[in-house]
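Visitor: Take a look at the following structure, please.
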Amino acid sequence: MFLTISTTGTPERPATDLGFLLHKHPDKAQVFSTAYGRAHVFYPEASAERCTAALLLEVDPVALVKRGKGKGRGGAPDAALAQYVNDRPYAASSLLAVAMSAVFRSALRGVSAALPERAAAGMPLRIEVPALPARGGAELVRRLFEPLGWSSVAAEPVALDEEFPEWGESRYVRLVLEGELRLADALRQLYVLLPVLDDAKHYWVAPDEVDKLLRAGDGWLAEHPEQKLIASRYLARRWSLTREAMDRLELVRLAEADDLDVADVDNAVDETADTEERPAPLAVQRRDAILAALRAAGAGRVLDLGCGQGQLVQALLKDASFTEIVGVDVSMRALGLAGRRLKLDRMGERQAARVTLLQGSLTYTDRRLTGYDAAVLREVIEHVDPERLPSLEYAVFGAARPRTVIVTTPNVEYNVRWESLPAGHVRHGDHRFEWTREEFSRWAGGAAQQYGYEVEYAPVGPDDPEVGPPTQMAVFTAQQTDQKKKEKNKEVKAA
C-alpha cells in the first residue's frame, strides 16, 4: 500500500515545513511496526520548492488472517488460498487508514509545537493513492471528495490488464487530490474515506467506532451530502451504529448552526433531579456579573487574563456576541486543563475559530494582547506580589490598553462572615494580599488616573451593610484622548 503527500513552498515558507507538520524528519527513513506488518515513512524529494512524504505499508498476509480470527474481510473463515493471496497488501484500505492514525497521530490532530500557525492554516497539497479500491467507481470517489474543498479530484480507473483492454476496468482507481487544505483535515478525510470506498474493514467494528468516525469527521462530515453512505459503510453497515452516528451528526449540525456546544443542544432535563432553586455559588455570581459588564460595554473580542482552567472562557463561548476569546495563563498545566474542559480537540470548526489559549505572564508586555475590546482579571491581582503590581498595571492598562478592563478581587472585610475561615487568614494560600474596599478603591483609582481610564465599582454577591460584598468589582473604561475628542467635536459640528 502506498500514499504520497506533496506540497510546494517559497523561501519564506519552505515546502520542507511538511516535515514539522507530519512530525517526521525529511532526512530520515523511519520504520514503524503495526499489527499487520511494517509502515515506512520517507521523503522521495525534500527542497524549499517542493517536498513529498511517502507512506509505504508492508502487509503480512499471514498475520492478517491469524489476527482476524474469522472476523471481517481479512479473516474470513475460508481455507481457500485467497486468504493468503489477495489485494490486501497492495490496495489502500482500512489497513492503510489505521497505519496513518498510528504514524501521523499528531498530524491528524493538527498539532505542531514548532509551527502552530502552519498547522492551523491551509497549504497547497497533492495527495496520490496509486491503487484505491472503489466500490462505486470513479463517480463515487468524486462524490465523496469534491464537496470537501479540493480544487481537483482525479480518479482514473485501472484496467484489469493493459494488454487486454477488452477485459474492461477493475474496481481500482488511481486517486490524485489537489487543493489548498489544512493538512489535518486532509488526513482525517482519508482516514474515513479509504475504508468507505473499499466498503470493508479488516477488524471487528465495535460501538466505539462511532466516536472514531465523529472525531475524524469533525468539521466536514455533518454537512457532507453523502453523510449517510459514509456512516453506513464506515460502520460496516451495522444499522444500530449507523443510526447512532446519524443522530449525533444532526446534533453537531444544529450546534454549529447556532454556535453552541453539542451539550447545550442535547440538554434534556433529568426529571428525577431536585429542581428547587438554591442560591447561586459565589463563583457563578461573579461570572454572571462579569458577563453582564462585558455585554454592557459592547465587547466582542475579549481577553481572559489569568484564565486558569477556562471556566470563564467556557461561559463566553456560549454567547455568540463574543466573537473572539483569548485565554492567557502562565501555567501550561492550567492551559492543558482548560483545553480539556473546552474539548478543543472535539470542538466544531466554527467554535474553535473563536477561541485561543496562550501562555504568558501578566507582568510583561505582550504584543499579542493589543487591540482587544475588553480584558478580564478575575480573581487574579491578589495572586501577584505587591511590588510587581505596577508591572501588571502597565502591561494591561498601558501596553495592551483594551477599551474596557474588568477586575474582581476578594473583599477582606467580608472574611469575618465565613464561618470556616480562621481569623486573620486569607481565603487561599496563594493570595499575596486581600484588600479592603477602601484599599481596592485607592488602587483602582490610581491606576485609572495614571493610564487614562474612568472606573466604576460594583458589588458581587450579597452586599452586607456592615462589611460589604464578598467580591468587589471594578470596571475601567478608557477615556478618549484630547485628539480623539477634538476629532469627534469636528464630526458633530460638521453634521
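Chain identifiers are assigned as A, B, and so on, following the order in which chains appear in the C-alpha cells; residues are numbered from 1 within each chain, and ligands are numbered from 1 in order of appearance.
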Could you pull out all residues of region 377-439 of chain A with a DSSP call of alpha helix (DSSP H) and give them as a ChimeraX atom specification?

Guide: /A:389-393,437-439

Visitor: Keeping N, CA and C atoms for every residue in the selection just given, could you write it to a file as a tab-separated table (two decimals), in the first residue's frame?

Guide:
```
chain	number	residue	atom	x	y	z
A	389	LEU	N	2.83	44.65	41.10
A	389	LEU	CA	1.57	45.20	40.59
A	389	LEU	C	1.78	46.33	39.58
A	390	PRO	N	2.76	47.24	39.78
A	390	PRO	CA	2.97	48.28	38.76
A	390	PRO	C	3.28	47.70	37.38
A	391	SER	N	4.01	46.59	37.34
A	391	SER	CA	4.30	45.96	36.05
A	391	SER	C	3.04	45.41	35.41
A	392	LEU	N	2.17	44.81	36.23
A	392	LEU	CA	0.90	44.31	35.70
A	392	LEU	C	0.05	45.47	35.19
A	393	GLU	N	0.01	46.56	35.97
A	393	GLU	CA	-0.79	47.72	35.55
A	393	GLU	C	-0.33	48.23	34.19
A	437	ARG	N	-12.32	47.42	50.98
A	437	ARG	CA	-12.96	48.19	49.89
A	437	ARG	C	-12.21	49.50	49.66
A	438	GLU	N	-11.73	50.12	50.72
A	438	GLU	CA	-11.01	51.38	50.57
A	438	GLU	C	-9.68	51.16	49.85
A	439	GLU	N	-8.98	50.08	50.22
A	439	GLU	CA	-7.69	49.79	49.57
A	439	GLU	C	-7.87	49.48	48.08
```

Visitor: Near Leu21 (chain A), counting only C-alpha atoms, which residues have an atom at most 12 Å away, once you skip same-chain residues fewer than 6 positions from it, shown as a PyMOL selection string?

Guide: chain A and resi 5+7+15+53+104-123+182-184+187

Visitor: Contacts of Gly308 (chain A) at 10 Å or less, counting only C-alpha atoms, minus same-chain residues fewer than 5 places along, as a VMD selection string?

Guide: chain A and resid 313 327 to 338 378 380

Visitor: Those same residues, written as a PDB file, in the first residue's frame with N, CA and C atoms?

Guide:
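Okay, selection_29.pdb is ready:
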```pdb
ATOM      1  N   VAL A 313     -13.794  31.318  30.015  1.00  0.00           N
ATOM      2  CA  VAL A 313     -13.730  31.125  28.563  1.00  0.00           C
ATOM      3  C   VAL A 313     -14.891  30.251  28.103  1.00  0.00           C
ATOM      4  N   GLY A 327      -7.732  33.161  26.064  1.00  0.00           N
ATOM      5  CA  GLY A 327      -7.389  32.857  27.444  1.00  0.00           C
ATOM      6  C   GLY A 327      -5.882  32.861  27.614  1.00  0.00           C
ATOM      7  N   VAL A 328      -5.388  33.567  28.629  1.00  0.00           N
ATOM      8  CA  VAL A 328      -3.944  33.691  28.866  1.00  0.00           C
ATOM      9  C   VAL A 328      -3.627  33.215  30.278  1.00  0.00           C
ATOM     10  N   ASP A 329      -2.612  32.369  30.395  1.00  0.00           N
ATOM     11  CA  ASP A 329      -2.180  31.948  31.727  1.00  0.00           C
ATOM     12  C   ASP A 329      -0.703  31.593  31.668  1.00  0.00           C
ATOM     13  N   VAL A 330      -0.010  31.788  32.774  1.00  0.00           N
ATOM     14  CA  VAL A 330       1.419  31.477  32.820  1.00  0.00           C
ATOM     15  C   VAL A 330       1.643  29.976  32.963  1.00  0.00           C
ATOM     16  N   SER A 331       0.639  29.244  33.435  1.00  0.00           N
ATOM     17  CA  SER A 331       0.771  27.816  33.713  1.00  0.00           C
ATOM     18  C   SER A 331       0.347  26.984  32.507  1.00  0.00           C
ATOM     19  N   MET A 332       1.276  26.188  31.958  1.00  0.00           N
ATOM     20  CA  MET A 332       0.921  25.286  30.867  1.00  0.00           C
ATOM     21  C   MET A 332      -0.015  24.189  31.348  1.00  0.00           C
ATOM     22  N   ARG A 333       0.142  23.778  32.604  1.00  0.00           N
ATOM     23  CA  ARG A 333      -0.760  22.755  33.141  1.00  0.00           C
ATOM     24  C   ARG A 333      -2.193  23.278  33.176  1.00  0.00           C
ATOM     25  N   ALA A 334      -2.360  24.541  33.610  1.00  0.00           N
ATOM     26  CA  ALA A 334      -3.701  25.131  33.634  1.00  0.00           C
ATOM     27  C   ALA A 334      -4.276  25.224  32.226  1.00  0.00           C
ATOM     28  N   LEU A 335      -3.433  25.595  31.255  1.00  0.00           N
ATOM     29  CA  LEU A 335      -3.916  25.696  29.876  1.00  0.00           C
ATOM     30  C   LEU A 335      -4.305  24.322  29.336  1.00  0.00           C
ATOM     31  N   GLY A 336      -3.557  23.285  29.725  1.00  0.00           N
ATOM     32  CA  GLY A 336      -3.921  21.936  29.314  1.00  0.00           C
ATOM     33  C   GLY A 336      -5.266  21.516  29.876  1.00  0.00           C
ATOM     34  N   LEU A 337      -5.501  21.841  31.162  1.00  0.00           N
ATOM     35  CA  LEU A 337      -6.790  21.540  31.771  1.00  0.00           C
ATOM     36  C   LEU A 337      -7.911  22.340  31.109  1.00  0.00           C
ATOM     37  N   ALA A 338      -7.602  23.594  30.755  1.00  0.00           N
ATOM     38  CA  ALA A 338      -8.605  24.415  30.072  1.00  0.00           C
ATOM     39  C   ALA A 338      -8.957  23.810  28.715  1.00  0.00           C
ATOM     40  N   ARG A 378     -10.036  38.129  36.570  1.00  0.00           N
ATOM     41  CA  ARG A 378     -10.998  37.561  37.522  1.00  0.00           C
ATOM     42  C   ARG A 378     -10.238  36.854  38.637  1.00  0.00           C
ATOM     43  N   VAL A 380      -7.423  37.613  40.097  1.00  0.00           N
ATOM     44  CA  VAL A 380      -6.043  37.450  39.637  1.00  0.00           C
ATOM     45  C   VAL A 380      -5.069  38.317  40.427  1.00  0.00           C
TER      46      VAL A 380
END
```

Visitor: If I take CA of Ala97 (chain A) and CA of Tyr234 (chain A), how far is one from the other in Å, to one decimal?

Guide: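 Distance reported for this atom pair: 11.5 Å.
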
Visitor: Looking only at the backbone, which of the residues in region 131-302 of chain A does DSSP tag as strand (DSSP E or B), as a list in words?

Guide: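 Reading the DSSP output for region 131-302 of chain A, strand (DSSP E or B) covers Ala131, Leu132, Pro133, Ser152, Val153, Ala154, Ala155, Glu156, Pro157, Val158, Ala159, Glu169, Ser170, Arg171, Tyr172, Val173, Arg174, Leu175, Val176, Leu177, Glu178, Gly179, Glu180, Leu181, Arg301 and Val302 of chain A.
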
Visitor: For CA of Val210 (chain A) and CA of Gly348 (chain A), quote the distance in Å rounded to one decimal.

Guide: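 Computing it gives 16.6 Å between the two atoms.
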
Visitor: Kindly give the distance, in Å, that separates CA of Lys228 (chain A) and CA of Gln351 (chain A), rounded to a single decimal.

Guide: 24.1 Å

Visitor: I need the residue nearest Phe322 (chain A) from this list: A:Ala186, A:Leu22, A:Ala299, A:Leu342. Use only C-alpha atoms for the distance.

Guide: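 Using only C-alpha atoms, Phe322 (chain A) sits closest to A:Ala299.
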
Visitor: Mind checking which residues fall within 9 Å of Val196 (chain A), counting only C-alpha atoms, ignoring those fewer than 6 positions away in the same chain, and posting them as a list of chain:residue names?

Guide: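 Once the nearby chain positions are removed, what remains is A:Ser93, A:Ser94, A:Ala134, A:Arg135, A:Leu229, A:Ile230, A:Ala231, A:Ser232, A:Arg233, A:Tyr234, A:Leu235, A:Ala236.
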
Visitor: Excluding same-chain residues fewer than 6 positions from Val59 (chain A), what lies within 9 Å of it counting only C-alpha atoms, as a list in words?

Guide: Met1, Thr34, Tyr36, Gly37, Arg38, Ala39, Arg88, Pro89, Tyr90 and Leu95 of chain A
